[in-house]
Amino acid sequence: MDDAAGDGVEHAAGVGELAAAPESAAALLPRVAEMAAETVARLTADIPAYRLLPDSVLGGDLVANTEAVLKLFFTTVAEGRAPTGAELAAPIAWGAERARDGVPLEAVLRVYPLGARRAWELAAAGPEPVADPYALVTGLLAFLGEVMPKVAEAYLREQADLDWEQREHGRNLAGVLLAGRPARRAAERYGRTLAERYEVVVLRLPEAPGGATNRILRALRSELDGNPEVLATFKGEGGVLLVPLAPSGPSGPSGPPGPFAQATPSVQSTPSAPSAPSVPRAPDGATRRLLARLDTAAELRCTAAAAVAEDHGSIPRAQAEASEVLALAEDLGRPPGLYRLADLAVEYQLVRPGPARDALARVLAPLDGQPHLIATLREFIAAGYRRAEAAEALTVHRNTLTYRLGRIRLLTGHDATDPAGARHLAAALTAYGAARRTGG
């Protein structure tokens, strides 16, 4: 702790108040143990978070800590001074310990007013009346004003450290699994449990102006901090998530819903489907619900692709598949959403290197050097072969569009307005783009 105040340093705002009730405070010092026991009993009765703590903490540390804080209060009031930095170090450290115990900050801070109230109740009901009730109350408030802000600061600092630790643990585990290395020992070291099956999600953050990308990353990490079972690693403007799935039974995935079953289902651009014939459908929509929550946190829709890994050894293969599907979705100009291999199976097959792809790509070779015709074909296909929508997207007159479509038919031998020709040109456009990207 930073003892900026230093030992023996008094805070002027509270000294007069604390000095006003030395006799009352000194008289209450022998009853500190009684007050501490009463306070802890009230805590466990009124605050559910404390009932979750082990008995060793409740009956040991918590009682001892409460007794020490009450003793510090009555001692400083009796001596007419504010607590020193050294004296506050222990209560502040105890507040940080409660962060590691998982006790919410609200519950940690409620200890102090509840303890103060109980101390006052016991003092007022004692056999000897309090000499100066007003002075005792004002001294109590001054003490709380000293302790509570420092405890809250220490708790939040410890919580930030814990969040960072958990994030780093998740990132390290994700890296180990994505590299195809055994991760169970590392998980045990971090106190985490690995799922048997994961859906590997390759995520692309939406484009954002200025420094908004950093804001989006912070929002996504904050959302993921609340879901530690999801392992995540981010780099640049993308990331990889490992979303745990229920175990797979003889007739496909089974078991309880995934970790996001209570979230509102997302309406994504494409339906869920298996990533390969041997891989079953994602069992519980956990990935879609997670991405919906990430979209909400980012305030923009992300583009992602997913593939199921049936065991840890197949995670690298699933990542490679999801990365290819994501790249394909982006190359095809698909809208933001979640994609799996089955969603783009035809296009995925068309872009595989080979004689068929090269033959299809050569269909559009006569359009080389005429990018406006390539753009026209792409927009016409994207518009569902509707002339008005395509012309609007191209910002040209419909007659201009008709002329360009005629040029495409003349140069390639395929008519984009004819069903058979349209299918051939759509396939050729996909192959053409893939060949240009790979230098084929």
# chains A, B, ... in the order shown; residues from 1 in each chain; ligands from 1
$ residues_around --residues "segment 344-360 of chain A" --least-positions-apart "5" --cutoff "8 Å" --atoms "only C-alpha atoms" --output "NGL selection string"
:A and (325 or 328-329 or 339 or 427-428 or 430-432 or 434-435 or 440)
$ write_last_selection --atoms "C-alpha atoms" --output "short mmCIF file (atom, residue, chain, number, x, y, z; two decimals), in the first residue's frame"
data_model
loop_
_atom_site.label_atom_id
_atom_site.label_comp_id
_atom_site.auth_asym_id
_atom_site.auth_seq_id
_atom_site.Cartn_x
_atom_site.Cartn_y
_atom_site.Cartn_z
CA VAL A 325 -14.49 -19.38 -44.47
CA LEU A 328 -14.19 -16.14 -48.33
CA ALA A 329 -17.19 -14.37 -46.77
CA TYR A 339 -20.71 -18.21 -41.20
CA ALA A 427 -19.28 -19.38 -60.38
CA ALA A 428 -16.74 -17.85 -62.72
CA THR A 430 -15.92 -16.50 -57.50
CA ALA A 431 -13.14 -18.49 -59.18
CA TYR A 432 -11.82 -15.39 -60.92
CA ALA A 434 -9.79 -16.43 -55.90
CA ALA A 435 -7.33 -16.87 -58.76
CA GLY A 440 -3.22 -18.01 -60.27
#
$ residues_around --residues "Ala307 of chain A" --least-positions-apart "6" --cutoff "6 Å" --atoms "only C-alpha atoms" --output "list in words"
Glu199, Val200, Ser275, Ala318 and Ala322 of chain A
$ select_by_dssp --residues "segment 20-216 of chain A" --states "strand (DSSP E)" --output "list in words"
Arg197, Tyr198, Glu199, Val200, Val201, Val202, Leu203 and Arg204 of chain A
$ write_last_selection --atoms "all heavy atoms" --output "PDB file, in the first residue's frame"
ATOM      1  N   ARG A 197     -14.961 -30.370 -26.100  1.00  0.00           N
ATOM      2  CA  ARG A 197     -15.238 -29.914 -27.467  1.00  0.00           C
ATOM      3  C   ARG A 197     -15.331 -28.385 -27.463  1.00  0.00           C
ATOM      4  O   ARG A 197     -15.838 -27.784 -26.523  1.00  0.00           O
ATOM      5  CB  ARG A 197     -16.568 -30.480 -27.987  1.00  0.00           C
ATOM      6  CG  ARG A 197     -16.662 -31.989 -27.971  1.00  0.00           C
ATOM      7  CD  ARG A 197     -18.087 -32.441 -28.235  1.00  0.00           C
ATOM      8  NE  ARG A 197     -18.537 -32.114 -29.581  1.00  0.00           N
ATOM      9  CZ  ARG A 197     -19.586 -31.344 -29.860  1.00  0.00           C
ATOM     10  NH1 ARG A 197     -20.281 -30.779 -28.899  1.00  0.00           N
ATOM     11  NH2 ARG A 197     -19.937 -31.115 -31.110  1.00  0.00           N
ATOM     12  N   TYR A 198     -14.858 -27.784 -28.550  1.00  0.00           N
ATOM     13  CA  TYR A 198     -14.942 -26.337 -28.704  1.00  0.00           C
ATOM     14  C   TYR A 198     -15.423 -25.999 -30.106  1.00  0.00           C
ATOM     15  O   TYR A 198     -15.170 -26.734 -31.064  1.00  0.00           O
ATOM     16  CB  TYR A 198     -13.573 -25.673 -28.498  1.00  0.00           C
ATOM     17  CG  TYR A 198     -13.143 -25.565 -27.052  1.00  0.00           C
ATOM     18  CD1 TYR A 198     -12.287 -26.513 -26.489  1.00  0.00           C
ATOM     19  CD2 TYR A 198     -13.585 -24.521 -26.249  1.00  0.00           C
ATOM     20  CE1 TYR A 198     -11.888 -26.422 -25.173  1.00  0.00           C
ATOM     21  CE2 TYR A 198     -13.186 -24.415 -24.931  1.00  0.00           C
ATOM     22  CZ  TYR A 198     -12.339 -25.369 -24.393  1.00  0.00           C
ATOM     23  OH  TYR A 198     -11.945 -25.270 -23.083  1.00  0.00           O
ATOM     24  N   GLU A 199     -16.101 -24.878 -30.205  1.00  0.00           N
ATOM     25  CA  GLU A 199     -16.319 -24.295 -31.514  1.00  0.00           C
ATOM     26  C   GLU A 199     -15.301 -23.174 -31.664  1.00  0.00           C
ATOM     27  O   GLU A 199     -15.236 -22.252 -30.832  1.00  0.00           O
ATOM     28  CB  GLU A 199     -17.737 -23.750 -31.675  1.00  0.00           C
ATOM     29  CG  GLU A 199     -18.000 -23.251 -33.088  1.00  0.00           C
ATOM     30  CD  GLU A 199     -19.470 -23.322 -33.470  1.00  0.00           C
ATOM     31  OE1 GLU A 199     -20.322 -23.016 -32.631  1.00  0.00           O
ATOM     32  OE2 GLU A 199     -19.744 -23.683 -34.620  1.00  0.00           O
ATOM     33  N   VAL A 200     -14.484 -23.280 -32.682  1.00  0.00           N
ATOM     34  CA  VAL A 200     -13.436 -22.291 -32.915  1.00  0.00           C
ATOM     35  C   VAL A 200     -14.023 -21.181 -33.766  1.00  0.00           C
ATOM     36  O   VAL A 200     -14.493 -21.422 -34.882  1.00  0.00           O
ATOM     37  CB  VAL A 200     -12.215 -22.928 -33.614  1.00  0.00           C
ATOM     38  CG1 VAL A 200     -11.113 -21.892 -33.798  1.00  0.00           C
ATOM     39  CG2 VAL A 200     -11.704 -24.112 -32.799  1.00  0.00           C
ATOM     40  N   VAL A 201     -13.979 -19.966 -33.249  1.00  0.00           N
ATOM     41  CA  VAL A 201     -14.582 -18.815 -33.921  1.00  0.00           C
ATOM     42  C   VAL A 201     -13.485 -17.825 -34.277  1.00  0.00           C
ATOM     43  O   VAL A 201     -12.774 -17.332 -33.398  1.00  0.00           O
ATOM     44  CB  VAL A 201     -15.631 -18.129 -33.021  1.00  0.00           C
ATOM     45  CG1 VAL A 201     -16.286 -16.963 -33.759  1.00  0.00           C
ATOM     46  CG2 VAL A 201     -16.681 -19.131 -32.561  1.00  0.00           C
ATOM     47  N   VAL A 202     -13.340 -17.553 -35.555  1.00  0.00           N
ATOM     48  CA  VAL A 202     -12.397 -16.526 -36.019  1.00  0.00           C
ATOM     49  C   VAL A 202     -13.210 -15.271 -36.264  1.00  0.00           C
ATOM     50  O   VAL A 202     -14.176 -15.279 -37.037  1.00  0.00           O
ATOM     51  CB  VAL A 202     -11.663 -16.974 -37.291  1.00  0.00           C
ATOM     52  CG1 VAL A 202     -10.694 -15.894 -37.743  1.00  0.00           C
ATOM     53  CG2 VAL A 202     -10.909 -18.276 -37.029  1.00  0.00           C
ATOM     54  N   LEU A 203     -12.826 -14.210 -35.591  1.00  0.00           N
ATOM     55  CA  LEU A 203     -13.642 -12.997 -35.532  1.00  0.00           C
ATOM     56  C   LEU A 203     -12.916 -11.832 -36.181  1.00  0.00           C
ATOM     57  O   LEU A 203     -11.718 -11.647 -35.986  1.00  0.00           O
ATOM     58  CB  LEU A 203     -13.932 -12.673 -34.064  1.00  0.00           C
ATOM     59  CG  LEU A 203     -14.714 -11.415 -33.722  1.00  0.00           C
ATOM     60  CD1 LEU A 203     -16.176 -11.586 -34.099  1.00  0.00           C
ATOM     61  CD2 LEU A 203     -14.590 -11.114 -32.231  1.00  0.00           C
ATOM     62  N   ARG A 204     -13.648 -11.061 -36.972  1.00  0.00           N
ATOM     63  CA  ARG A 204     -13.106  -9.831 -37.541  1.00  0.00           C
ATOM     64  C   ARG A 204     -13.871  -8.661 -36.950  1.00  0.00           C
ATOM     65  O   ARG A 204     -15.103  -8.597 -37.040  1.00  0.00           O
ATOM     66  CB  ARG A 204     -13.236  -9.813 -39.060  1.00  0.00           C
ATOM     67  CG  ARG A 204     -12.600  -8.592 -39.714  1.00  0.00           C
ATOM     68  CD  ARG A 204     -11.106  -8.774 -39.888  1.00  0.00           C
ATOM     69  NE  ARG A 204     -10.848  -9.816 -40.854  1.00  0.00           N
ATOM     70  CZ  ARG A 204      -9.849 -10.683 -40.758  1.00  0.00           C
ATOM     71  NH1 ARG A 204      -9.033 -10.627 -39.736  1.00  0.00           N
ATOM     72  NH2 ARG A 204      -9.666 -11.618 -41.677  1.00  0.00           N
TER      73      ARG A 204
END
$ closest_residue --among "A:Leu394, A:Ile381, A:Ile47, A:Ala342" --to "Arg423 of chain A" --atoms "only C-alpha atoms"
A:Ile381
